[in-house]
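Trainee: I am attaching a structure below and will ask some questions about it afterwards.
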Amino acid sequence: MKCGELILIIVLSIIAISVVIGVVYFILALAQIKKTAIEIEMAAKKINIELDLVNKVSCKVASISEKMSSPVASIISLLFYAVSSINKKKK
């Protein structure tokens with residue numbers, strides 16, 4: 001074998017090993033990306049469930065405050081009318 005052929009075999013071997021290492025690294029990176037995507041999907045589902053719960057609670061609070069605001073407004077109006085009529089009688 002000539003020196004040039006030996007160098008060519010060494011270079012091709014190094015390139016082949018580099019390609020194999022690169023492919024293995026790429027496959028491992030894709031596996032990690034898949035795991036991360038699954039974890040993100042699970043977290044998004046949990047967040048969606050929590051947001052649905054927050055939405056239900058806020059609707060209940062809005063409903064309760066709406067029901068309470070009518071009597072409270074009526075009482076405030078009645079008190080204002082009573083105080084106004086008392087002030088008119090004093091004058």
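Letters for chains follow the order of the structure tokens (A, B, ...), residue numbers begin at 1 for each chain, and ligand numbers begin at 1 in the order shown.
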With 10 Å as the cut-off and only C-alpha atoms counted, what is the closest atom pair between each nearby residue of segment 31-76 of chain A and segment 15-27 of chain A? Distances in Å to one decimal, ordered by chain and number, as CSV.

Mentor:
residue,atom,partner,partner_atom,distance
A:Ala31,CA,A:Ile27,CA,6.2
A:Gln32,CA,A:Ile27,CA,8.7
A:Ile33,CA,A:Ile27,CA,9.8

Trainee: Take atom CA of Cys59 of chain A and atom CA of Ala44 of chain A and report the distance between them in Å, one decimal.

Mentor: 22.2 Å
